[in-house]
Each structure stands twice: as C-alpha cells, then as structure tokens.
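Source file structure36.cif; content: mmCIF, C-alpha atoms and all ligand atoms.
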```cif
data_work
#
loop_
_atom_site.group_PDB
_atom_site.id
_atom_site.type_symbol
_atom_site.label_atom_id
_atom_site.label_comp_id
_atom_site.auth_asym_id
_atom_site.auth_seq_id
_atom_site.Cartn_x
_atom_site.Cartn_y
_atom_site.Cartn_z
ATOM 1 C CA LEU A 6 150.279 -41.643 243.366
ATOM 2 C CA ALA A 7 152.855 -41.064 240.646
ATOM 3 C CA ARG A 8 150.176 -41.850 238.078
ATOM 4 C CA PHE A 9 147.901 -39.288 239.711
ATOM 5 C CA PHE A 10 150.441 -36.540 239.262
ATOM 6 C CA LYS A 11 151.195 -37.656 235.737
ATOM 7 C CA TYR A 12 147.557 -37.202 234.753
ATOM 8 C CA LEU A 13 147.256 -34.058 236.758
ATOM 9 C CA PHE A 14 150.209 -32.619 234.940
ATOM 10 C CA LEU A 15 148.835 -33.755 231.587
ATOM 11 C CA PHE A 16 145.505 -32.148 232.332
ATOM 12 C CA SER A 17 146.957 -28.839 233.399
ATOM 13 C CA PHE A 18 149.279 -28.883 230.436
ATOM 14 C CA ILE A 19 146.385 -29.417 228.029
ATOM 15 C CA LEU A 20 144.583 -26.514 229.687
ATOM 16 C CA LEU A 21 147.579 -24.285 229.219
ATOM 17 C CA LEU A 22 148.003 -25.370 225.656
ATOM 18 C CA PHE A 23 144.487 -24.703 224.470
ATOM 19 C CA GLY A 24 143.357 -21.907 226.743
ATOM 20 C CA CYS A 25 139.646 -21.328 226.823
ATOM 21 C CA LYS A 26 139.104 -20.936 223.093
ATOM 22 C CA ALA A 27 139.225 -24.684 222.563
ATOM 23 C CA PHE A 28 136.305 -25.306 224.889
ATOM 24 C CA GLU A 29 133.445 -23.616 223.188
ATOM 25 C CA GLY A 30 131.289 -26.695 222.850
ATOM 26 C CA LYS A 31 128.185 -24.860 224.003
ATOM 27 C CA THR A 32 125.838 -26.394 221.438
ATOM 28 C CA TYR A 33 126.502 -29.928 222.628
ATOM 29 C CA PHE A 34 125.559 -29.275 226.214
ATOM 30 C CA SER A 35 122.785 -26.706 226.090
ATOM 31 C CA GLY A 36 120.260 -29.501 226.754
ATOM 32 C CA ASP A 37 121.784 -30.211 230.172
ATOM 33 C CA PRO A 38 119.375 -29.376 233.014
ATOM 34 C CA LEU A 39 120.223 -26.321 235.124
ATOM 35 C CA THR A 40 120.541 -28.564 238.174
ATOM 36 C CA GLU A 41 123.847 -29.706 236.664
ATOM 37 C CA ASP A 42 125.134 -26.136 236.890
ATOM 38 C CA ILE A 43 124.202 -26.088 240.566
ATOM 39 C CA LYS A 44 126.015 -29.375 241.235
ATOM 40 C CA MET A 45 129.120 -28.215 239.417
ATOM 41 C CA GLY A 46 129.062 -24.793 241.092
ATOM 42 C CA GLU A 47 128.706 -26.253 244.588
ATOM 43 C CA SER A 48 131.539 -28.634 243.970
ATOM 44 C CA MET A 49 133.826 -25.886 242.699
ATOM 45 C CA LYS A 50 132.801 -23.591 245.545
ATOM 46 C CA ASN A 51 133.674 -26.200 248.156
ATOM 47 C CA GLU A 52 137.032 -26.700 246.532
ATOM 48 C CA ILE A 53 137.762 -22.995 246.385
ATOM 49 C CA LEU A 54 136.796 -22.485 250.020
ATOM 50 C CA THR A 55 139.270 -25.100 251.213
ATOM 51 C CA ASN A 56 142.016 -22.765 250.029
ATOM 52 C CA SER A 57 141.636 -20.084 252.686
ATOM 53 C CA THR A 58 144.928 -18.404 251.817
ATOM 54 C CA GLU A 59 143.888 -17.565 248.275
ATOM 55 C CA PHE A 60 140.198 -17.278 249.075
ATOM 56 C CA PRO A 61 139.750 -16.078 252.673
ATOM 57 C CA VAL A 62 136.035 -15.647 253.288
ATOM 58 C CA ASP A 63 134.913 -12.412 254.931
ATOM 59 C CA LYS A 64 132.468 -13.089 257.750
ATOM 60 C CA ASP A 65 130.822 -9.637 257.945
ATOM 61 C CA SER A 66 127.166 -10.547 257.599
ATOM 62 C CA LYS A 67 126.114 -6.879 257.276
ATOM 63 C CA LEU A 68 128.319 -6.415 254.232
ATOM 64 C CA ASN A 69 126.966 -9.638 252.802
ATOM 65 C CA LYS A 70 123.406 -8.516 253.435
ATOM 66 C CA TYR A 71 124.079 -5.245 251.635
ATOM 67 C CA LEU A 72 125.496 -7.040 248.583
ATOM 68 C CA GLN A 73 122.647 -9.554 248.614
ATOM 69 C CA SER A 74 120.176 -6.640 248.551
ATOM 70 C CA ILE A 75 121.860 -5.413 245.355
ATOM 71 C CA ILE A 76 121.597 -8.908 243.854
ATOM 72 C CA ASP A 77 117.924 -9.196 244.820
ATOM 73 C CA GLU A 78 117.189 -5.820 243.249
ATOM 74 C CA ILE A 79 118.859 -6.880 239.964
ATOM 75 C CA LEU A 80 117.022 -10.226 240.039
ATOM 76 C CA LYS A 81 113.725 -8.383 239.710
ATOM 77 C CA SER A 82 114.602 -7.940 236.064
ATOM 78 C CA PRO A 83 112.379 -10.120 233.862
ATOM 79 C CA GLU A 84 115.442 -10.707 231.658
ATOM 80 C CA ILE A 85 116.947 -13.054 234.258
ATOM 81 C CA LYS A 86 115.324 -16.383 233.517
ATOM 82 C CA ASN A 87 117.196 -18.893 235.681
ATOM 83 C CA LYS A 88 116.594 -17.115 238.989
ATOM 84 C CA THR A 89 113.859 -19.593 239.893
ATOM 85 C CA VAL A 90 116.402 -22.429 239.769
ATOM 86 C CA PHE A 91 119.674 -20.757 240.754
ATOM 87 C CA LYS A 92 120.010 -19.363 244.269
ATOM 88 C CA TYR A 93 122.034 -16.266 243.532
ATOM 89 C CA ASN A 94 124.380 -15.534 246.416
ATOM 90 C CA ILE A 95 127.674 -13.764 246.976
ATOM 91 C CA THR A 96 130.780 -14.551 248.988
ATOM 92 C CA VAL A 97 133.071 -11.680 249.958
ATOM 93 C CA LEU A 98 136.765 -12.532 249.849
ATOM 94 C CA ASP A 99 138.814 -10.741 252.463
ATOM 95 C CA ARG A 100 141.677 -9.497 250.313
ATOM 96 C CA THR A 101 142.095 -5.818 249.584
ATOM 97 C CA ASP A 102 145.043 -6.486 247.251
ATOM 98 C CA VAL A 103 142.898 -8.238 244.644
ATOM 99 C CA ILE A 104 140.594 -6.271 242.350
ATOM 100 C CA ASN A 105 138.336 -8.972 240.989
ATOM 101 C CA ALA A 106 134.960 -10.652 241.002
ATOM 102 C CA PHE A 107 133.955 -13.966 239.493
ATOM 103 C CA SER A 108 131.074 -16.388 239.355
ATOM 104 C CA LEU A 109 130.730 -20.144 239.416
ATOM 105 C CA PRO A 110 128.003 -22.104 237.644
ATOM 106 C CA GLY A 111 124.581 -22.046 239.273
ATOM 107 C CA GLY A 112 124.683 -18.542 240.765
ATOM 108 C CA ASN A 113 127.592 -18.527 243.216
ATOM 109 C CA LEU A 114 129.202 -15.111 242.943
ATOM 110 C CA PHE A 115 132.439 -13.957 244.557
ATOM 111 C CA ILE A 116 133.832 -10.480 245.069
ATOM 112 C CA TYR A 117 137.121 -9.389 246.587
ATOM 113 C CA LYS A 118 137.299 -6.469 249.011
ATOM 114 C CA GLY A 119 139.847 -4.918 246.651
ATOM 115 C CA MET A 120 137.098 -4.660 244.050
ATOM 116 C CA LEU A 121 134.666 -3.096 246.510
ATOM 117 C CA ARG A 122 137.270 -0.439 247.271
ATOM 118 C CA PHE A 123 138.163 0.111 243.627
ATOM 119 C CA ILE A 124 134.541 0.802 242.697
ATOM 120 C CA ASP A 125 133.379 4.411 243.147
ATOM 121 C CA ASP A 126 129.605 4.239 243.217
ATOM 122 C CA GLU A 127 126.697 1.845 243.719
ATOM 123 C CA ALA A 128 125.761 1.814 240.032
ATOM 124 C CA THR A 129 129.179 0.354 239.208
ATOM 125 C CA LEU A 130 128.820 -2.237 241.952
ATOM 126 C CA ALA A 131 125.450 -3.201 240.459
ATOM 127 C CA ALA A 132 127.066 -3.399 237.002
ATOM 128 C CA VAL A 133 129.849 -5.694 238.236
ATOM 129 C CA ILE A 134 127.335 -7.939 240.017
ATOM 130 C CA ALA A 135 124.997 -7.967 236.998
ATOM 131 C CA HIS A 136 127.941 -8.956 234.805
ATOM 132 C CA GLU A 137 128.710 -11.925 237.074
ATOM 133 C CA ILE A 138 125.021 -12.908 237.180
ATOM 134 C CA ALA A 139 125.108 -12.883 233.376
ATOM 135 C CA HIS A 140 128.025 -15.353 233.324
ATOM 136 C CA SER A 141 125.950 -17.734 235.468
ATOM 137 C CA GLU A 142 122.753 -17.156 233.484
ATOM 138 C CA LEU A 143 124.528 -17.754 230.192
ATOM 139 C CA ARG A 144 126.230 -20.811 231.704
ATOM 140 C CA HIS A 145 129.649 -19.727 230.449
ATOM 141 C CA THR A 146 131.792 -21.583 232.967
ATOM 142 C CA TYR A 147 129.443 -24.560 232.968
ATOM 143 C CA PHE A 148 129.774 -25.060 229.212
ATOM 144 C CA ARG A 149 133.503 -24.513 229.314
ATOM 145 C CA VAL A 150 134.036 -27.128 232.006
ATOM 146 C CA ARG A 151 131.551 -29.471 230.352
ATOM 147 C CA SER A 152 133.394 -29.275 227.033
ATOM 148 C CA GLN A 153 136.408 -30.686 228.758
ATOM 149 C CA GLU A 154 134.639 -33.949 229.397
ATOM 150 C CA GLY A 155 137.147 -35.714 227.210
ATOM 151 C CA PHE A 156 139.940 -34.606 229.467
ATOM 152 C CA GLY A 157 137.770 -35.204 232.499
ATOM 153 C CA ASN A 158 137.122 -38.786 231.406
ATOM 154 C CA LEU A 159 140.812 -39.375 231.099
ATOM 155 C CA ILE A 160 141.167 -38.528 234.737
ATOM 156 C CA ASP A 161 137.931 -40.322 235.719
ATOM 157 C CA LYS A 162 139.203 -43.571 234.282
ATOM 158 C CA ALA A 163 142.455 -43.268 236.130
ATOM 159 C CA PHE A 164 140.948 -42.409 239.507
ATOM 160 C CA LYS A 165 137.296 -43.453 239.217
ATOM 161 C CA LYS A 166 136.259 -39.953 240.140
ATOM 162 C CA ASP A 167 133.336 -38.046 238.716
ATOM 163 C CA GLU A 168 133.744 -35.345 236.124
ATOM 164 C CA TYR A 169 133.235 -32.563 238.624
ATOM 165 C CA LYS A 170 136.208 -33.815 240.562
ATOM 166 C CA ALA A 171 138.182 -33.267 237.375
ATOM 167 C CA ALA A 172 136.939 -29.710 237.247
ATOM 168 C CA LYS A 173 137.800 -29.267 240.900
ATOM 169 C CA THR A 174 141.266 -30.618 240.279
ATOM 170 C CA ALA A 175 141.703 -28.115 237.526
ATOM 171 C CA ALA A 176 140.393 -25.307 239.706
ATOM 172 C CA ASN A 177 142.918 -26.308 242.292
ATOM 173 C CA ILE A 178 145.799 -26.337 239.832
ATOM 174 C CA ALA A 179 144.813 -22.989 238.457
ATOM 175 C CA LYS A 180 145.092 -21.186 241.785
ATOM 176 C CA ASN A 181 145.045 -17.895 239.947
ATOM 177 C CA LEU A 182 141.614 -18.763 238.581
ATOM 178 C CA SER A 183 142.852 -18.972 235.014
ATOM 179 C CA PHE A 184 140.509 -21.939 234.779
ATOM 180 C CA LEU A 185 137.606 -19.526 235.083
ATOM 181 C CA SER A 186 138.910 -17.303 232.324
ATOM 182 C CA ASN A 187 136.189 -16.078 230.063
ATOM 183 C CA SER A 188 136.706 -15.589 226.370
ATOM 184 C CA ARG A 189 136.205 -12.197 224.775
ATOM 185 C CA ASP A 190 132.925 -13.420 223.320
ATOM 186 C CA ASN A 191 131.747 -14.459 226.768
ATOM 187 C CA GLU A 192 132.687 -11.043 228.131
ATOM 188 C CA LEU A 193 130.838 -9.203 225.430
ATOM 189 C CA GLU A 194 127.770 -11.348 225.934
ATOM 190 C CA ALA A 195 127.870 -10.849 229.716
ATOM 191 C CA ASP A 196 128.219 -7.062 229.323
ATOM 192 C CA LYS A 197 125.269 -6.849 226.962
ATOM 193 C CA ASN A 198 123.056 -8.997 229.157
ATOM 194 C CA ALA A 199 124.051 -7.046 232.271
ATOM 195 C CA LEU A 200 123.011 -3.823 230.564
ATOM 196 C CA ASN A 201 119.630 -5.365 229.811
ATOM 197 C CA TYR A 202 119.186 -6.584 233.385
ATOM 198 C CA LEU A 203 120.027 -3.127 234.724
ATOM 199 C CA LYS A 204 117.803 -1.069 232.463
ATOM 200 C CA SER A 205 114.784 -1.688 234.719
ATOM 201 C CA THR A 206 116.633 -0.932 237.981
ATOM 202 C CA LYS A 207 117.188 2.290 239.919
ATOM 203 C CA TRP A 208 120.860 2.388 238.857
ATOM 204 C CA TYR A 209 122.517 3.966 235.847
ATOM 205 C CA PRO A 210 122.647 0.896 233.573
ATOM 206 C CA ALA A 211 125.825 1.776 231.660
ATOM 207 C CA ALA A 212 128.068 2.250 234.697
ATOM 208 C CA MET A 213 130.311 -0.498 233.329
ATOM 209 C CA LEU A 214 131.599 2.024 230.799
ATOM 210 C CA THR A 215 132.982 4.443 233.398
ATOM 211 C CA PHE A 216 134.422 1.413 235.161
ATOM 212 C CA PHE A 217 136.236 0.414 231.947
ATOM 213 C CA ASP A 218 137.641 3.936 231.664
ATOM 214 C CA LYS A 219 139.001 3.679 235.171
ATOM 215 C CA ILE A 220 140.566 0.299 234.453
ATOM 216 C CA SER A 221 142.112 1.510 231.188
ATOM 217 C CA ALA A 222 143.667 4.494 232.957
ATOM 218 C CA LEU A 223 145.124 2.280 235.672
ATOM 219 C CA VAL A 224 146.424 -0.318 233.230
ATOM 220 C CA SER A 225 148.375 2.339 231.369
ATOM 221 C CA GLN A 226 149.911 3.385 234.697
ATOM 222 C CA SER A 227 150.919 0.129 236.353
ATOM 223 C CA GLY A 228 148.793 -2.844 235.473
ATOM 224 C CA ASN A 229 149.823 -5.661 237.799
ATOM 225 C CA GLN A 230 147.208 -4.938 240.449
ATOM 226 C CA LEU A 231 144.632 -5.728 237.806
ATOM 227 C CA ASP A 232 146.199 -8.918 236.489
ATOM 228 C CA GLY A 233 143.605 -11.090 238.207
ATOM 229 C CA LEU A 234 140.706 -9.102 236.853
ATOM 230 C CA LEU A 235 142.053 -9.048 233.333
ATOM 231 C CA SER A 236 142.870 -12.757 233.351
ATOM 232 C CA THR A 237 139.292 -13.752 234.149
ATOM 233 C CA HIS A 238 137.591 -10.874 232.357
ATOM 234 C CA PRO A 239 139.684 -9.781 229.365
ATOM 235 C CA LEU A 240 139.135 -6.148 228.498
ATOM 236 C CA ALA A 241 139.388 -5.448 224.811
ATOM 237 C CA LYS A 242 138.658 -2.309 222.856
ATOM 238 C CA ASP A 243 135.944 -4.094 220.857
ATOM 239 C CA ARG A 244 134.247 -4.979 224.138
ATOM 240 C CA ILE A 245 134.139 -1.329 225.193
ATOM 241 C CA ASP A 246 133.023 -0.196 221.735
ATOM 242 C CA ALA A 247 130.218 -2.768 221.623
ATOM 243 C CA LEU A 248 128.904 -1.677 224.994
ATOM 244 C CA LYS A 249 129.046 2.004 224.012
ATOM 245 C CA GLU A 250 127.170 1.244 220.827
ATOM 246 C CA LEU A 251 124.500 -0.698 222.695
ATOM 247 C CA SER A 252 123.979 2.018 225.305
ATOM 248 C CA ILE A 253 123.468 4.549 222.498
ATOM 249 C CA LYS A 254 121.030 2.207 220.785
ATOM 250 C CA MET A 255 119.139 1.748 224.060
ATOM 251 C CA LYS A 256 119.007 5.555 224.413
ATOM 252 C CA ILE A 257 120.485 5.468 227.901
ATOM 253 C CA LEU A 258 120.604 8.957 229.371
ATOM 254 C CA PRO A 259 123.738 10.298 231.057
ATOM 255 C CA PRO A 260 124.080 9.382 234.739
ATOM 256 C CA ASN A 261 122.948 11.622 237.584
ATOM 257 C CA GLU A 262 123.659 11.763 241.302
ATOM 258 C CA ASP A 263 120.650 9.606 242.145
ATOM 259 C CA ASN A 264 121.210 6.734 239.790
ATOM 260 C CA LEU A 265 124.955 6.557 240.474
ATOM 261 C CA ASN A 266 124.545 6.809 244.260
ATOM 262 C CA TYR A 267 128.179 7.831 244.773
ATOM 263 C CA TYR A 268 127.721 9.248 248.283
ATOM 264 C CA GLY A 269 125.545 6.369 249.453
ATOM 265 C CA TYR A 270 128.218 3.925 248.330
ATOM 266 C CA GLN A 271 131.076 5.877 249.919
ATOM 267 C CA ASP A 272 129.137 5.807 253.213
ATOM 268 C CA LYS A 273 128.816 2.036 252.894
ATOM 269 C CA LEU A 274 132.574 1.715 252.351
ATOM 270 C CA VAL A 275 133.187 3.634 255.575
ATOM 271 C CA GLU A 276 130.535 1.599 257.415
ATOM 272 C CA PHE A 277 132.179 -1.673 256.401
ATOM 273 C CA GLY A 278 135.663 -0.451 257.208
ATOM 274 C CA LEU A 279 136.766 -0.620 253.599
ATOM 275 C CA ILE A 280 137.990 2.967 253.545
ATOM 276 C CA ASN A 281 138.854 5.464 256.267
ATOM 277 C CA GLN A 282 136.496 8.261 257.016
HETATM 278 ZN ZN ZN B 1 133.372 -11.481 232.892
#
```

Structure translated into structure tokens:
Amino acid sequence: LARFFKYLFLFSFILLLFGCKAFEGKTYFSGDPLTEDIKMGESMKNEILTNSTEFPVDKDSKLNKYLQSIIDEILKSPEIKNKTVFKYNITVLDRTDVINAFSLPGGNLFIYKGMLRFIDDEATLAAVIAHEIAHSELRHTYFRVRSQEGFGNLIDKAFKKDEYKAAKTAANIAKNLSFLSNSRDNELEADKNALNYLKSTKWYPAAMLTFFDKISALVSQSGNQLDGLLSTHPLAKDRIDALKELSIKMKILPPNEDNLNYYGYQDKLVEFGLINQ
C-alpha cells in the first residue's frame, strides 16, 4: 500500500509540474479509434460519479430532457462528425455554488446548476454546450490523457492496472478537475468549432462573446466564484479577440430577441426551480 501512495504521489506531482502543456502529443494518437474515447470517458465518468460530494447528480429528468433537446438541436449541424459514434449526453450537477461545465471523452457532458443560473439566455446555454461538444469532438481530453501513457505505464506496472485506471486515479487526485484543464489552444479551437456548429441553428451563434463579457466583468469584481470555470477553461484576451474576429469574418448579424431567447430561458429557470419567480 505504501508503494501505491508513493506512485500516486509521483504521478500527481508530475502532473503539477508539467501542467497540460506537456501533454500535447495529439499527432501520435490521432489514429486511435473513437471507441477508445468512449471507453476512457465511461471510465472517468464512473469515477467522477462515485464522488457525490463534489459531483452530486441532479435527478430532475425534465431539466435533463430540456438540456438534451438543446444538444440534439446542435447535433443537427453537419460540422459535428463524431455524433454517429459518440452518444452525446449531459449530466446536471446539483451545485449552485459552482459556475462550470466540462466534458469527458466520447461525448459525456456535465453542467453545474451554478452555470445554468449564471447564463442569461438560451443562446448562451447553446454556446456553452456547443463548446463542450467541441472538446469531445476534437478529442482534447482524450489526447491529453493518452499522452500521459508513459506515466500511466509506470503505475500500470506497479499495480497491473490498465491505463484508464491511471487516468481515473489522476481524476480522483485532481478533485478540482485540474486534470481536465484545457490549454489556451484547446479553448480557442473549441470556441471556433462551437461557432461553426451554431451557425446553422436557431440561436445567435456568437453568444459566447456576451458570456465572456459577463465573466470578465465578474472577474474584475471578485473572481473566486469563477475559479473552477477558469481552471478548466482559461479565458485569455487572445481567445476573445479570435472569436470576435471570426464572428466578423462569418458576417454574423447582431442578436435579436428571437435568437437569444432570453424570456424563454428565464421561464425555464423558474420552471426548474433555479431562480425565484
Ligand atoms: Zn473549454
């Protein structure tokens, strides 16, 4: 058992030391079949769900149905190629104090109630979901975990466990989800893809920009409520600028009442008990 903790410590230490930048071995693993993403995602999901204090699952099936309908609408986009393999689904986490959303490999998305409350309109919700779909589509977390095979093997040899167990171990250590941290490049790529997915939907495709404004304003005020969000999805000025530039290039018109669906979304928040009437 002592050996177990020694390796565990070593592994978490290496993670801390290198952060996510060291794991961009994308080119080596892009030949992996998508079924590997599904296996890894399921394994990580199971691990996450055992920690019901950090990740308490909300059981409101109506809320889940509503969010799934948003996902299904976005999935109609021809830009989303892996939808025939990945079963895109979302788990609501019952914590209003956390403003975050994240995705695991293979199409398992998660959103905290705090995020649902923080969002103002349905277009922004669609943008956040599209962004998480993009992380799965682009296999960001999959490649990052896969690139750690060397470290995974170290643990495998010691405990005869498979490499996904190593990833699970890491996910468990990093209770704050720092293991799922995306690099700035990943963020930029996810934003751009999300914009492309959304351009064929009924929602204002550049809603992420108003969302960024809201985050920036809040960060300058207090900040700590958004620590989780910013640790998994770093917000940099170049990310905002790139998205602005792209929306101009794509000739996206300013939003209107219909394609933001502010009132429709506020009604949903009341319906699901997320805000008072
Ligand atoms: Zn992200």

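The space between atom CA of A:Ala195 and atom ZN of ligand ZN 1 (chain B) spans 6.4 Å.
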
Would you kindly return, as a VMD selection string, each protein, DNA or RNA residue with an atom no farther than 10 Å from any atom of A:Gly278, considering only C-alpha atoms and excluding same-chain residues fewer than 5 positions away?
chain A and resid 68 272 to 273

Could you spell out the hits of the PyMOL selection byres (((chain A and resi 202) around 10) and not hetatm) on the shown file, as JSON, numbers by chain?
{"A": [79, 80, 81, 82, 83, 84, 85, 132, 135, 136, 138, 139, 196, 197, 198, 199, 200, 201, 203, 204, 205, 206, 210]}

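Excluding A:His145 and any residue on its chain fewer than 6 positions from it, the residues at most 8 Å away by all atoms listed in the file are A:Pro110, A:Asn187, A:Asn191.
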
Using C-alpha atoms, can you write the selected residues to a file as a PDB file, in the frame of the given file?
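What landed in result-v2.pdb:
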```
ATOM      1  CA  PRO A 110     128.003 -22.104 237.644  1.00  0.00           C
ATOM      2  CA  ASN A 187     136.189 -16.078 230.063  1.00  0.00           C
ATOM      3  CA  ASN A 191     131.747 -14.459 226.768  1.00  0.00           C
TER       4      ASN A 191
END
```

When the PyMOL selection byres (((not hetatm)) within 12 of (chain B and resi 1)) is applied to the file above, which residues end up in the set, as a JSON list (two decimals) with C-alpha atoms, in the coordinates of the input?
```
[["chain", "number", "residue", "atom", "x", "y", "z"],
["A", 105, "ASN", "CA", 138.34, -8.97, 240.99],
["A", 106, "ALA", "CA", 134.96, -10.65, 241.00],
["A", 107, "PHE", "CA", 133.96, -13.97, 239.49],
["A", 108, "SER", "CA", 131.07, -16.39, 239.36],
["A", 109, "LEU", "CA", 130.73, -20.14, 239.42],
["A", 114, "LEU", "CA", 129.20, -15.11, 242.94],
["A", 115, "PHE", "CA", 132.44, -13.96, 244.56],
["A", 132, "ALA", "CA", 127.07, -3.40, 237.00],
["A", 133, "VAL", "CA", 129.85, -5.69, 238.24],
["A", 134, "ILE", "CA", 127.34, -7.94, 240.02],
["A", 135, "ALA", "CA", 125.00, -7.97, 237.00],
["A", 136, "HIS", "CA", 127.94, -8.96, 234.80],
["A", 137, "GLU", "CA", 128.71, -11.92, 237.07],
["A", 138, "ILE", "CA", 125.02, -12.91, 237.18],
["A", 139, "ALA", "CA", 125.11, -12.88, 233.38],
["A", 140, "HIS", "CA", 128.02, -15.35, 233.32],
["A", 141, "SER", "CA", 125.95, -17.73, 235.47],
["A", 143, "LEU", "CA", 124.53, -17.75, 230.19],
["A", 144, "ARG", "CA", 126.23, -20.81, 231.70],
["A", 145, "HIS", "CA", 129.65, -19.73, 230.45],
["A", 146, "THR", "CA", 131.79, -21.58, 232.97],
["A", 185, "LEU", "CA", 137.61, -19.53, 235.08],
["A", 186, "SER", "CA", 138.91, -17.30, 232.32],
["A", 187, "ASN", "CA", 136.19, -16.08, 230.06],
["A", 188, "SER", "CA", 136.71, -15.59, 226.37],
["A", 189, "ARG", "CA", 136.21, -12.20, 224.78],
["A", 190, "ASP", "CA", 132.93, -13.42, 223.32],
["A", 191, "ASN", "CA", 131.75, -14.46, 226.77],
["A", 192, "GLU", "CA", 132.69, -11.04, 228.13],
["A", 193, "LEU", "CA", 130.84, -9.20, 225.43],
["A", 194, "GLU", "CA", 127.77, -11.35, 225.93],
["A", 195, "ALA", "CA", 127.87, -10.85, 229.72],
["A", 196, "ASP", "CA", 128.22, -7.06, 229.32],
["A", 197, "LYS", "CA", 125.27, -6.85, 226.96],
["A", 198, "ASN", "CA", 123.06, -9.00, 229.16],
["A", 199, "ALA", "CA", 124.05, -7.05, 232.27],
["A", 213, "MET", "CA", 130.31, -0.50, 233.33],
["A", 233, "GLY", "CA", 143.60, -11.09, 238.21],
["A", 234, "LEU", "CA", 140.71, -9.10, 236.85],
["A", 235, "LEU", "CA", 142.05, -9.05, 233.33],
["A", 236, "SER", "CA", 142.87, -12.76, 233.35],
["A", 237, "THR", "CA", 139.29, -13.75, 234.15],
["A", 238, "HIS", "CA", 137.59, -10.87, 232.36],
["A", 239, "PRO", "CA", 139.68, -9.78, 229.36],
["A", 240, "LEU", "CA", 139.14, -6.15, 228.50],
["A", 241, "ALA", "CA", 139.39, -5.45, 224.81],
["A", 244, "ARG", "CA", 134.25, -4.98, 224.14]]
```

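Between atom CA of A:Trp208 and atom CA of A:Glu127 the interatomic distance comes to 7.6 Å.
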